[in-house]
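Undergrad: Before we start, here is the structure in question, set down as C-alpha coordinates.
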Amino acid sequence: MQETPFIHTAYRQETLVESGLFNHLGVAHEQLPGYHALFAARVLVTPYEILAERKWGMVERDLLDEVLDRQRRFIASLHYIDPHSTSPDPSLKTAALRYVARPETRQIDTILVGKVFAHQIDQARDMALAWYKEIEALFSRDYKLQPLKSEEEFITQSGQQLLKSISEPTQTEVRRYEMFLPRSTEREVRETHYVVYPFMWHRNGMDQVWQVMASMSAPVILSVMLRPAYLYEAEELHLARFYEATKNLKSERVADHVLGEQAAQIYAGYLRTWRQPFLVRAQVTAPQGTHRALARAVGCALSYGAPASGDDRHSPFPGYELITPTKEDRKTARDNVCWLEMQDWGTDQAAPAYRRFRYLTDLKGAHCLFRLPFVPKAGLPGAQFDKSSTPDADSNNR
(Lines give C-alpha, C1' and ligand atoms only; values in the text may rest on other atoms or scores of the structure.)
Protein backbone atom coordinates (compact mmCIF):
# COMPACT_ATOMS: atom_id res chain seq x y z
CA MET A 1 0.00 0.00 0.00
CA GLN A 2 1.40 3.37 -1.04
CA GLU A 3 1.86 5.83 1.82
CA THR A 4 1.04 9.50 1.36
CA PRO A 5 2.70 12.48 3.06
CA PHE A 6 1.12 15.22 5.11
CA ILE A 7 0.71 18.36 3.00
CA HIS A 8 1.76 21.43 4.94
CA THR A 9 0.13 24.61 3.63
CA ALA A 10 1.24 28.16 4.37
CA TYR A 11 -1.21 30.99 4.88
CA ARG A 12 -2.35 32.85 1.77
CA GLN A 13 0.35 35.29 0.73
CA GLU A 14 1.61 37.42 -2.12
CA THR A 15 4.39 35.60 -3.95
CA LEU A 16 6.73 36.71 -6.71
CA VAL A 17 6.19 34.63 -9.86
CA GLU A 18 8.08 35.03 -13.13
CA SER A 19 5.97 36.90 -15.66
CA GLY A 20 7.74 35.49 -18.71
CA LEU A 21 9.31 38.86 -19.55
CA PHE A 22 12.94 39.97 -19.32
CA ASN A 23 14.15 43.55 -19.10
CA HIS A 24 17.30 45.52 -18.18
CA LEU A 25 16.81 44.52 -14.53
CA GLY A 26 16.63 40.83 -15.37
CA VAL A 27 13.67 38.50 -15.03
CA ALA A 28 10.43 40.42 -14.50
CA HIS A 29 8.15 39.18 -11.74
CA GLU A 30 4.57 39.79 -10.75
CA GLN A 31 3.05 39.40 -7.30
CA LEU A 32 0.30 36.81 -7.20
CA PRO A 33 -1.79 35.72 -4.22
CA GLY A 34 -1.79 32.02 -3.41
CA TYR A 35 -0.65 29.15 -1.22
CA HIS A 36 2.61 27.27 -0.78
CA ALA A 37 2.03 23.55 -0.22
CA LEU A 38 4.93 21.45 1.07
CA PHE A 39 5.56 17.75 1.69
CA ALA A 40 8.55 15.95 3.17
CA ALA A 41 9.99 12.45 3.34
CA ARG A 42 12.96 10.89 5.07
CA VAL A 43 15.53 9.42 2.72
CA LEU A 44 16.67 5.99 3.90
CA VAL A 45 20.02 4.72 2.65
CA THR A 46 20.23 1.12 1.47
CA PRO A 47 23.09 -0.59 3.36
CA TYR A 48 26.23 -1.25 1.35
CA GLU A 49 25.93 -5.00 1.85
CA ILE A 50 22.56 -5.07 0.07
CA LEU A 51 23.78 -2.88 -2.78
CA ALA A 52 26.79 -5.15 -3.23
CA GLU A 53 24.60 -8.26 -3.32
CA ARG A 54 22.67 -6.85 -6.25
CA LYS A 55 25.86 -6.28 -8.21
CA TRP A 56 27.96 -9.34 -7.48
CA GLY A 57 31.61 -8.92 -8.41
CA MET A 58 31.48 -5.11 -8.63
CA VAL A 59 34.27 -3.18 -6.98
CA GLU A 60 33.23 -0.33 -4.70
CA ARG A 61 34.22 2.41 -7.17
CA ASP A 62 32.07 0.91 -9.93
CA LEU A 63 29.15 0.49 -7.55
CA LEU A 64 29.46 4.14 -6.50
CA ASP A 65 29.51 5.27 -10.13
CA GLU A 66 26.31 3.33 -10.82
CA VAL A 67 24.58 4.81 -7.75
CA LEU A 68 25.64 8.33 -8.75
CA ASP A 69 24.42 7.78 -12.29
CA ARG A 70 20.95 6.89 -11.00
CA GLN A 71 20.98 10.03 -8.85
CA ARG A 72 21.72 12.16 -11.93
CA ARG A 73 18.95 10.44 -13.87
CA PHE A 74 16.52 11.24 -11.05
CA ILE A 75 17.53 14.92 -11.07
CA ALA A 76 17.18 15.05 -14.86
CA SER A 77 13.67 13.58 -14.60
CA LEU A 78 12.62 16.46 -12.34
CA HIS A 79 13.03 18.95 -15.19
CA TYR A 80 9.58 19.14 -16.70
CA ILE A 81 9.85 22.51 -18.53
CA ASP A 82 9.96 22.24 -22.32
CA PRO A 83 13.17 23.94 -23.57
CA HIS A 84 11.10 25.39 -26.44
CA SER A 85 8.51 26.85 -24.07
CA THR A 86 7.84 30.57 -24.33
CA SER A 87 7.24 31.13 -20.60
CA PRO A 88 8.20 29.71 -17.18
CA ASP A 89 5.96 27.53 -15.04
CA PRO A 90 3.98 29.52 -12.40
CA SER A 91 3.65 26.53 -10.01
CA LEU A 92 7.18 27.17 -8.66
CA LYS A 93 7.84 23.44 -8.23
CA THR A 94 10.92 23.19 -6.06
CA ALA A 95 12.68 20.27 -4.41
CA ALA A 96 15.13 20.51 -1.53
CA LEU A 97 17.46 18.16 0.25
CA ARG A 98 17.90 19.07 3.88
CA TYR A 99 20.76 17.48 5.76
CA VAL A 100 19.90 17.89 9.44
CA ALA A 101 22.52 17.10 12.09
CA ARG A 102 21.51 16.87 15.74
CA PRO A 103 24.41 16.39 18.19
CA GLU A 104 22.37 14.30 20.63
CA THR A 105 21.95 11.53 18.05
CA ARG A 106 25.23 11.89 16.08
CA GLN A 107 23.07 11.17 13.05
CA ILE A 108 22.46 13.12 9.88
CA ASP A 109 18.86 13.03 8.70
CA THR A 110 18.43 13.39 4.96
CA ILE A 111 15.04 14.94 4.23
CA LEU A 112 13.53 15.46 0.81
CA VAL A 113 11.13 18.42 0.77
CA GLY A 114 8.94 19.49 -2.14
CA LYS A 115 6.87 22.61 -2.77
CA VAL A 116 4.28 23.86 -5.25
CA PHE A 117 2.41 27.16 -5.44
CA ALA A 118 -1.19 27.66 -6.57
CA HIS A 119 -3.94 30.28 -6.30
CA GLN A 120 -6.37 28.03 -4.38
CA ILE A 121 -5.49 25.99 -1.29
CA ASP A 122 -7.15 22.77 -2.48
CA GLN A 123 -5.42 23.09 -5.83
CA ALA A 124 -2.06 23.57 -4.10
CA ARG A 125 -2.58 20.46 -1.95
CA ASP A 126 -3.65 18.32 -4.89
CA MET A 127 -0.68 19.46 -6.96
CA ALA A 128 1.74 18.80 -4.08
CA LEU A 129 0.42 15.28 -3.54
CA ALA A 130 0.56 14.53 -7.27
CA TRP A 131 4.14 15.77 -7.44
CA TYR A 132 5.18 13.64 -4.47
CA LYS A 133 3.78 10.54 -6.18
CA GLU A 134 5.70 11.45 -9.31
CA ILE A 135 8.92 11.92 -7.34
CA GLU A 136 8.38 8.65 -5.51
CA ALA A 137 8.04 6.81 -8.82
CA LEU A 138 11.16 8.43 -10.26
CA PHE A 139 13.33 8.23 -7.14
CA SER A 140 16.57 6.25 -7.26
CA ARG A 141 16.06 2.61 -6.30
CA ASP A 142 19.19 2.78 -4.12
CA TYR A 143 17.20 4.73 -1.52
CA LYS A 144 13.81 4.54 0.11
CA LEU A 145 11.42 7.41 0.77
CA GLN A 146 9.54 7.40 4.06
CA PRO A 147 6.91 10.16 3.92
CA LEU A 148 6.21 12.30 6.98
CA LYS A 149 2.51 11.54 7.47
CA SER A 150 1.36 14.01 10.13
CA GLU A 151 1.72 17.69 10.87
CA GLU A 152 3.78 16.89 13.96
CA GLU A 153 6.18 14.71 11.96
CA PHE A 154 6.51 17.39 9.31
CA ILE A 155 7.25 20.16 11.82
CA THR A 156 9.67 18.20 14.01
CA GLN A 157 11.46 15.96 11.50
CA SER A 158 11.65 18.00 8.28
CA GLY A 159 13.91 20.60 9.85
CA GLN A 160 11.15 23.22 9.75
CA GLN A 161 11.02 23.62 13.53
CA LEU A 162 14.78 23.57 13.87
CA LEU A 163 15.13 26.33 11.29
CA LYS A 164 13.01 28.58 13.48
CA SER A 165 14.29 27.49 16.90
CA ILE A 166 18.08 27.69 16.58
CA SER A 167 19.16 30.40 19.01
CA GLU A 168 20.83 33.35 17.33
CA PRO A 169 20.78 31.56 13.97
CA THR A 170 23.09 32.56 11.18
CA GLN A 171 22.43 31.76 7.55
CA THR A 172 25.33 31.52 5.14
CA GLU A 173 24.79 31.01 1.43
CA VAL A 174 27.50 29.20 -0.52
CA ARG A 175 27.77 30.82 -3.93
CA ARG A 176 29.86 30.29 -7.03
CA TYR A 177 32.83 32.60 -7.36
CA GLU A 178 32.31 35.79 -9.37
CA MET A 179 34.79 38.29 -10.75
CA PHE A 180 35.38 40.85 -13.50
CA LEU A 181 38.19 40.62 -15.99
CA PRO A 182 40.17 43.90 -16.08
CA ARG A 183 39.32 46.30 -18.87
CA SER A 184 39.78 49.98 -19.61
CA THR A 185 36.44 51.32 -18.39
CA GLU A 186 34.28 50.28 -15.47
CA ARG A 187 31.11 50.20 -17.57
CA GLU A 188 32.70 47.90 -20.14
CA VAL A 189 33.84 45.56 -17.38
CA ARG A 190 30.41 45.39 -15.74
CA GLU A 191 28.57 44.88 -19.01
CA THR A 192 30.74 42.42 -20.92
CA HIS A 193 33.51 40.99 -18.74
CA TYR A 194 31.67 39.43 -15.84
CA VAL A 195 32.61 35.81 -15.08
CA VAL A 196 30.80 33.37 -12.81
CA TYR A 197 32.70 30.14 -12.33
CA PRO A 198 31.08 26.69 -12.07
CA PHE A 199 31.25 24.37 -9.12
CA MET A 200 33.31 21.24 -9.70
CA TRP A 201 31.82 17.75 -9.65
CA HIS A 202 33.74 15.06 -7.79
CA ARG A 203 33.00 11.40 -7.17
CA ASN A 204 33.41 11.72 -3.39
CA GLY A 205 31.12 14.72 -3.36
CA MET A 206 29.93 15.81 0.06
CA ASP A 207 31.53 13.10 2.22
CA GLN A 208 33.70 15.56 4.14
CA VAL A 209 30.73 17.89 4.65
CA TRP A 210 28.67 15.15 6.31
CA GLN A 211 31.57 14.27 8.57
CA VAL A 212 31.94 17.92 9.61
CA MET A 213 28.20 18.12 10.28
CA ALA A 214 28.31 15.01 12.48
CA SER A 215 31.09 16.54 14.58
CA MET A 216 29.22 19.77 15.34
CA SER A 217 28.29 20.42 18.96
CA ALA A 218 25.09 22.24 17.98
CA PRO A 219 22.27 21.41 15.54
CA VAL A 220 22.95 22.50 11.97
CA ILE A 221 21.10 22.32 8.67
CA LEU A 222 22.45 22.30 5.14
CA SER A 223 19.65 23.03 2.69
CA VAL A 224 20.06 22.56 -1.06
CA MET A 225 17.16 23.84 -3.18
CA LEU A 226 16.61 22.77 -6.78
CA ARG A 227 14.11 24.36 -9.16
CA PRO A 228 13.70 23.51 -12.86
CA ALA A 229 14.29 26.75 -14.75
CA TYR A 230 13.58 28.41 -18.06
CA LEU A 231 16.46 30.09 -19.89
CA TYR A 232 15.34 33.37 -21.42
CA GLU A 233 16.46 34.31 -24.90
CA ALA A 234 17.98 37.51 -23.50
CA GLU A 235 20.05 35.45 -21.05
CA GLU A 236 21.33 33.28 -23.88
CA LEU A 237 22.32 36.43 -25.78
CA HIS A 238 24.18 37.71 -22.70
CA LEU A 239 26.07 34.41 -22.45
CA ALA A 240 27.03 34.65 -26.12
CA ARG A 241 28.21 38.24 -25.61
CA PHE A 242 30.33 37.21 -22.61
CA TYR A 243 31.83 34.42 -24.69
CA GLU A 244 32.82 36.81 -27.48
CA ALA A 245 34.16 39.46 -25.09
CA THR A 246 36.32 37.07 -23.08
CA LYS A 247 37.52 35.17 -26.15
CA ASN A 248 38.73 38.40 -27.75
CA LEU A 249 40.01 40.04 -24.58
CA LYS A 250 42.59 42.72 -25.31
CA SER A 251 45.11 43.42 -22.63
CA GLU A 252 48.83 43.95 -22.19
CA ARG A 253 48.91 41.49 -19.27
CA VAL A 254 49.48 37.81 -20.06
CA ALA A 255 47.43 36.82 -17.00
CA ASP A 256 44.39 38.59 -18.47
CA HIS A 257 44.66 36.57 -21.67
CA VAL A 258 44.87 33.32 -19.70
CA LEU A 259 41.80 34.24 -17.65
CA GLY A 260 39.98 35.35 -20.77
CA GLU A 261 40.59 32.04 -22.54
CA GLN A 262 39.38 30.15 -19.48
CA ALA A 263 36.26 32.33 -19.18
CA ALA A 264 35.47 31.81 -22.87
CA GLN A 265 35.63 28.03 -22.37
CA ILE A 266 33.31 28.33 -19.36
CA TYR A 267 30.73 30.36 -21.29
CA ALA A 268 30.95 28.01 -24.25
CA GLY A 269 30.07 25.22 -21.82
CA TYR A 270 27.11 27.17 -20.46
CA LEU A 271 25.82 27.79 -23.99
CA ARG A 272 26.07 24.07 -24.76
CA THR A 273 24.54 22.66 -21.58
CA TRP A 274 21.97 25.16 -20.30
CA ARG A 275 19.19 23.82 -22.53
CA GLN A 276 17.23 22.61 -19.50
CA PRO A 277 18.85 24.46 -16.60
CA PHE A 278 18.16 24.36 -12.90
CA LEU A 279 18.29 27.08 -10.27
CA VAL A 280 20.27 25.72 -7.32
CA ARG A 281 20.98 27.38 -3.98
CA ALA A 282 22.82 26.03 -0.94
CA GLN A 283 22.46 27.55 2.51
CA VAL A 284 23.82 26.65 5.93
CA THR A 285 21.76 27.45 9.02
CA ALA A 286 23.57 27.08 12.33
CA PRO A 287 24.13 28.89 15.63
CA GLN A 288 26.51 31.82 15.65
CA GLY A 289 30.11 30.64 15.67
CA THR A 290 29.65 27.31 13.88
CA HIS A 291 28.15 28.33 10.55
CA ARG A 292 31.37 29.49 8.88
CA ALA A 293 33.24 26.22 9.43
CA LEU A 294 30.46 24.16 7.90
CA ALA A 295 29.99 26.64 5.04
CA ARG A 296 33.72 26.47 4.27
CA ALA A 297 33.54 22.67 4.18
CA VAL A 298 30.68 22.90 1.69
CA GLY A 299 32.55 25.45 -0.43
CA CYS A 300 35.69 23.33 -0.51
CA ALA A 301 33.72 20.21 -1.45
CA LEU A 302 32.21 22.09 -4.39
CA SER A 303 35.49 23.65 -5.52
CA TYR A 304 37.71 20.57 -5.45
CA GLY A 305 37.30 19.01 -8.85
CA ALA A 306 38.28 15.93 -10.72
CA PRO A 307 41.92 15.70 -11.88
CA ALA A 308 42.60 18.16 -14.67
CA SER A 309 45.80 16.49 -15.87
CA GLY A 310 48.52 14.25 -14.49
CA ASP A 311 48.77 14.46 -10.74
CA ASP A 312 47.11 17.87 -10.52
CA ARG A 313 44.00 17.16 -8.47
CA HIS A 314 43.11 20.76 -7.64
CA SER A 315 40.33 22.76 -9.21
CA PRO A 316 41.49 25.21 -11.89
CA PHE A 317 38.79 27.67 -10.77
CA PRO A 318 39.06 30.27 -7.98
CA GLY A 319 36.71 28.61 -5.49
CA TYR A 320 33.54 29.86 -3.81
CA GLU A 321 32.02 32.77 -1.91
CA LEU A 322 30.28 32.77 1.46
CA ILE A 323 27.54 35.37 1.81
CA THR A 324 25.88 36.11 5.15
CA PRO A 325 22.69 38.20 5.13
CA THR A 326 22.54 41.55 6.84
CA LYS A 327 19.95 42.18 9.53
CA GLU A 328 17.57 43.48 6.86
CA ASP A 329 17.99 40.34 4.74
CA ARG A 330 17.74 37.67 7.45
CA LYS A 331 13.99 37.17 7.13
CA THR A 332 14.24 36.70 3.36
CA ALA A 333 17.12 34.25 3.75
CA ARG A 334 15.21 32.19 6.32
CA ASP A 335 11.93 32.29 4.42
CA ASN A 336 13.74 31.03 1.33
CA VAL A 337 14.79 27.89 3.21
CA CYS A 338 11.49 27.40 5.07
CA TRP A 339 9.27 27.83 2.01
CA LEU A 340 11.69 26.75 -0.74
CA GLU A 341 11.74 30.20 -2.28
CA MET A 342 14.38 31.82 -4.50
CA GLN A 343 14.04 35.47 -3.53
CA ASP A 344 17.14 37.60 -4.02
CA TRP A 345 18.98 39.07 -1.07
CA GLY A 346 22.40 40.56 -0.49
CA THR A 347 24.50 42.78 -2.70
CA ASP A 348 25.37 42.03 -6.31
CA GLN A 349 28.67 42.40 -8.09
CA ALA A 350 27.10 41.88 -11.48
CA ALA A 351 24.48 43.96 -13.24
CA PRO A 352 20.90 42.98 -12.28
CA ALA A 353 20.29 41.28 -15.63
CA TYR A 354 23.05 38.76 -14.83
CA ARG A 355 21.92 37.99 -11.28
CA ARG A 356 20.55 34.53 -12.01
CA PHE A 357 23.79 33.28 -13.57
CA ARG A 358 25.27 32.51 -10.14
CA TYR A 359 22.43 30.04 -9.51
CA LEU A 360 21.75 28.65 -12.99
CA THR A 361 23.45 25.36 -13.76
CA ASP A 362 23.20 22.21 -15.84
CA LEU A 363 22.53 18.66 -14.66
CA LYS A 364 26.11 17.97 -13.60
CA GLY A 365 26.32 21.25 -11.71
CA ALA A 366 23.03 20.49 -9.94
CA HIS A 367 24.37 17.09 -8.90
CA CYS A 368 27.39 18.77 -7.26
CA LEU A 369 24.99 20.05 -4.60
CA PHE A 370 21.82 17.98 -4.83
CA ARG A 371 23.55 14.81 -3.71
CA LEU A 372 22.34 11.79 -1.75
CA PRO A 373 24.79 10.11 0.63
CA PHE A 374 26.63 6.95 -0.34
CA VAL A 375 27.95 5.01 2.63
CA PRO A 376 30.90 2.78 1.62
CA LYS A 377 31.66 -0.59 3.15
CA ALA A 378 33.92 0.98 5.79
CA GLY A 379 31.31 3.66 6.56
CA LEU A 380 31.85 7.41 6.90
CA PRO A 381 33.76 8.09 10.15
CA GLY A 382 31.51 9.87 12.63
CA ALA A 383 28.54 10.18 10.26
CA GLN A 384 25.46 7.98 10.63
CA PHE A 385 22.47 7.91 8.27
CA ASP A 386 19.01 6.36 8.37
CA LYS A 387 19.15 2.96 6.72
CA SER A 388 16.43 1.04 5.00
CA SER A 389 15.33 -1.97 7.05
CA THR A 390 13.87 -3.76 4.04
CA PRO A 391 16.14 -6.04 2.05
CA ASP A 392 14.61 -4.82 -1.20
CA ALA A 393 14.63 -1.03 -1.51
CA ASP A 394 13.16 -1.35 -4.99
CA SER A 395 9.77 -1.99 -3.38
CA ASN A 396 9.65 1.72 -2.54
CA ASN A 397 9.27 2.73 -6.15
CA ARG A 398 7.81 -0.21 -7.98
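Ordered as shown in the C-alpha coordinates, chains take letters A, B, and onward, while each chain numbers its residues from 1 and ligands are numbered from 1 in the order shown.
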Contacts of Thr170 of chain A at 8 Å or less, counting only C-alpha atoms, minus same-chain residues fewer than 5 places along, as a list in words?
TA: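 Here the answer would be Val284, Thr285, Ala286, Pro287, Gln288, His291 and Thr324 of chain A.
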Undergrad: Considering only C-alpha atoms, return as a list in words whatever protein or nucleic-acid residues lie within 9 Å of Leu163 of chain A, sequence-local ones (same chain, fewer than 6 positions apart) excluded.
TA: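 Skipping anything fewer than 6 positions along the chain leaves Pro169, Val220, Ile221, Thr285, Ala286, Arg334, Val337 and Cys338 of chain A.
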Undergrad: What does the file look like for those residues with N, CA, C and O atoms, as a tab-separated table (two decimals), in the first residue's frame?
TA:
```tsv
chain	number	residue	atom	x	y	z
A	169	PRO	N	20.38	32.29	15.17
A	169	PRO	CA	20.78	31.56	13.97
A	169	PRO	C	21.52	32.46	12.98
A	169	PRO	O	21.30	33.66	12.92
A	220	VAL	N	22.68	21.73	13.19
A	220	VAL	CA	22.95	22.50	11.97
A	220	VAL	C	22.13	21.92	10.83
A	220	VAL	O	21.76	20.74	10.85
A	221	ILE	N	21.85	22.75	9.85
A	221	ILE	CA	21.10	22.32	8.67
A	221	ILE	C	21.80	22.82	7.42
A	221	ILE	O	22.16	24.00	7.31
A	285	THR	N	22.39	26.79	7.88
A	285	THR	CA	21.76	27.45	9.02
A	285	THR	C	22.31	26.81	10.28
A	285	THR	O	22.20	25.59	10.47
A	286	ALA	N	22.92	27.61	11.12
A	286	ALA	CA	23.57	27.08	12.33
A	286	ALA	C	23.69	28.20	13.36
A	286	ALA	O	23.57	29.37	13.02
A	334	ARG	N	15.85	33.30	5.60
A	334	ARG	CA	15.21	32.19	6.32
A	334	ARG	C	13.94	31.73	5.63
A	334	ARG	O	13.69	30.53	5.52
A	337	VAL	N	14.55	29.28	2.81
A	337	VAL	CA	14.79	27.89	3.21
A	337	VAL	C	13.50	27.25	3.70
A	337	VAL	O	13.20	26.09	3.37
A	338	CYS	N	12.73	27.96	4.50
A	338	CYS	CA	11.49	27.40	5.07
A	338	CYS	C	10.46	27.08	3.99
A	338	CYS	O	9.79	26.04	4.06
```
Undergrad: Using 10 Å as the limit and counting only C-alpha atoms, can you tabulate each residue of segment 257-352 of chain A that touches segment 239-252 of chain A, with its shortest atom-to-atom distance in Å and the two atoms involved, as CSV?
TA:
```
residue,atom,partner,partner_atom,distance
A:His257,CA,A:Leu249,CA,6.5
A:Val258,CA,A:Leu249,CA,9.6
A:Leu259,CA,A:Thr246,CA,8.2
A:Gly260,CA,A:Thr246,CA,4.7
A:Glu261,CA,A:Lys247,CA,5.7
A:Gln262,CA,A:Thr246,CA,8.4
A:Ala263,CA,A:Thr246,CA,6.1
A:Ala264,CA,A:Tyr243,CA,4.8
A:Gln265,CA,A:Tyr243,CA,7.8
A:Ile266,CA,A:Tyr243,CA,8.2
A:Tyr267,CA,A:Tyr243,CA,5.4
A:Ala268,CA,A:Tyr243,CA,6.5
A:Gly269,CA,A:Tyr243,CA,9.8
A:Tyr270,CA,A:Leu239,CA,7.6
A:Leu271,CA,A:Leu239,CA,6.8
```
Undergrad: What lies within 6 Å of segment 26-38 of chain A using only C-alpha atoms, ignoring chain neighbours under 6 positions off, as a list in words?
TA: Ile7, His8, Thr9, Ala10, Arg12, Gln13, Glu14, Thr15, Leu16, Val17, Glu18, Ser19, Gly114, Lys115, Val116, Phe117, Ala118, His119, Ile121, Ala124, Arg125, Pro352 and Ala353 of chain A
Undergrad: Write down as an NGL selection string the residues belonging to segment 9-112 of chain A that are assigned alpha helix (DSSP H) by DSSP computed on the backbone.
TA: :A and (48-54 or 60-77)
Undergrad: Given the selection you just returned, output its residues as a file containing N, CA and C atoms, formatted as a CSV table (one decimal), in the first residue's frame.
TA:
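Result went into result.csv, see below:
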```
chain,number,residue,atom,x,y,z
A,48,TYR,N,25.3,-0.9,2.4
A,48,TYR,CA,26.2,-1.2,1.4
A,48,TYR,C,26.1,-2.7,1.0
A,49,GLU,N,26.0,-3.5,2.1
A,49,GLU,CA,25.9,-5.0,1.8
A,49,GLU,C,24.8,-5.4,0.9
A,50,ILE,N,23.7,-4.7,1.0
A,50,ILE,CA,22.6,-5.1,0.1
A,50,ILE,C,22.8,-4.6,-1.3
A,51,LEU,N,23.4,-3.4,-1.5
A,51,LEU,CA,23.8,-2.9,-2.8
A,51,LEU,C,24.8,-3.8,-3.4
A,52,ALA,N,25.8,-4.3,-2.7
A,52,ALA,CA,26.8,-5.1,-3.2
A,52,ALA,C,26.2,-6.5,-3.7
A,53,GLU,N,25.2,-7.0,-2.9
A,53,GLU,CA,24.6,-8.3,-3.3
A,53,GLU,C,23.9,-8.2,-4.7
A,54,ARG,N,23.3,-7.0,-5.0
A,54,ARG,CA,22.7,-6.9,-6.3
A,54,ARG,C,23.6,-6.8,-7.4
A,60,GLU,N,34.0,-1.4,-5.3
A,60,GLU,CA,33.2,-0.3,-4.7
A,60,GLU,C,33.2,0.9,-5.6
A,61,ARG,N,34.2,1.2,-6.3
A,61,ARG,CA,34.2,2.4,-7.2
A,61,ARG,C,33.2,2.3,-8.3
A,62,ASP,N,33.1,1.1,-8.9
A,62,ASP,CA,32.1,0.9,-9.9
A,62,ASP,C,30.7,1.0,-9.4
A,63,LEU,N,30.5,0.4,-8.2
A,63,LEU,CA,29.2,0.5,-7.6
A,63,LEU,C,28.8,1.9,-7.3
A,64,LEU,N,29.7,2.7,-6.8
A,64,LEU,CA,29.5,4.1,-6.5
A,64,LEU,C,29.1,4.9,-7.8
A,65,ASP,N,29.8,4.6,-8.9
A,65,ASP,CA,29.5,5.3,-10.1
A,65,ASP,C,28.1,5.0,-10.6
A,66,GLU,N,27.7,3.7,-10.4
A,66,GLU,CA,26.3,3.3,-10.8
A,66,GLU,C,25.3,4.0,-10.0
A,67,VAL,N,25.5,4.1,-8.7
A,67,VAL,CA,24.6,4.8,-7.7
A,67,VAL,C,24.5,6.3,-8.1
A,68,LEU,N,25.6,6.9,-8.4
A,68,LEU,CA,25.6,8.3,-8.7
A,68,LEU,C,24.9,8.6,-10.1
A,69,ASP,N,25.1,7.6,-11.0
A,69,ASP,CA,24.4,7.8,-12.3
A,69,ASP,C,22.9,7.8,-12.1
A,70,ARG,N,22.4,6.9,-11.2
A,70,ARG,CA,21.0,6.9,-11.0
A,70,ARG,C,20.5,8.2,-10.3
A,71,GLN,N,21.3,8.7,-9.5
A,71,GLN,CA,21.0,10.0,-8.9
A,71,GLN,C,20.8,11.1,-9.9
A,72,ARG,N,21.8,11.1,-10.9
A,72,ARG,CA,21.7,12.2,-11.9
A,72,ARG,C,20.5,12.0,-12.8
A,73,ARG,N,20.1,10.7,-13.1
A,73,ARG,CA,19.0,10.4,-13.9
A,73,ARG,C,17.7,10.9,-13.1
A,74,PHE,N,17.7,10.8,-11.8
A,74,PHE,CA,16.5,11.2,-11.1
A,74,PHE,C,16.4,12.8,-11.1
A,75,ILE,N,17.5,13.5,-11.0
A,75,ILE,CA,17.5,14.9,-11.1
A,75,ILE,C,17.1,15.4,-12.5
A,76,ALA,N,17.6,14.7,-13.5
A,76,ALA,CA,17.2,15.1,-14.9
A,76,ALA,C,15.7,14.9,-15.1
A,77,SER,N,15.1,13.8,-14.4
A,77,SER,CA,13.7,13.6,-14.6
A,77,SER,C,12.8,14.6,-13.9
```
Undergrad: Taking into account only C-alpha atoms, which residue in the set A:Leu44, A:Leu226, A:Ile111, A:Cys368 is nearest to Pro277 of chain A?
TA: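 Going through A:Leu44, A:Leu226, A:Ile111, A:Cys368 one by one, the smallest distance to Pro277 of chain A is for A:Leu226.
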Undergrad: Find the residue from A:Val254, A:Leu145, A:Leu302, A:Val174 that sits nearest to Arg371 of chain A; use only C-alpha atoms when measuring.
TA: A:Leu302
Undergrad: Using only C-alpha atoms, pick whichever of A:Tyr232, A:Trp339, A:Tyr359, A:Tyr143 has the shortest atom-to-atom distance to Phe199 of chain A.
TA: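 The answer is A:Tyr359, which sits nearest to Phe199 of chain A.
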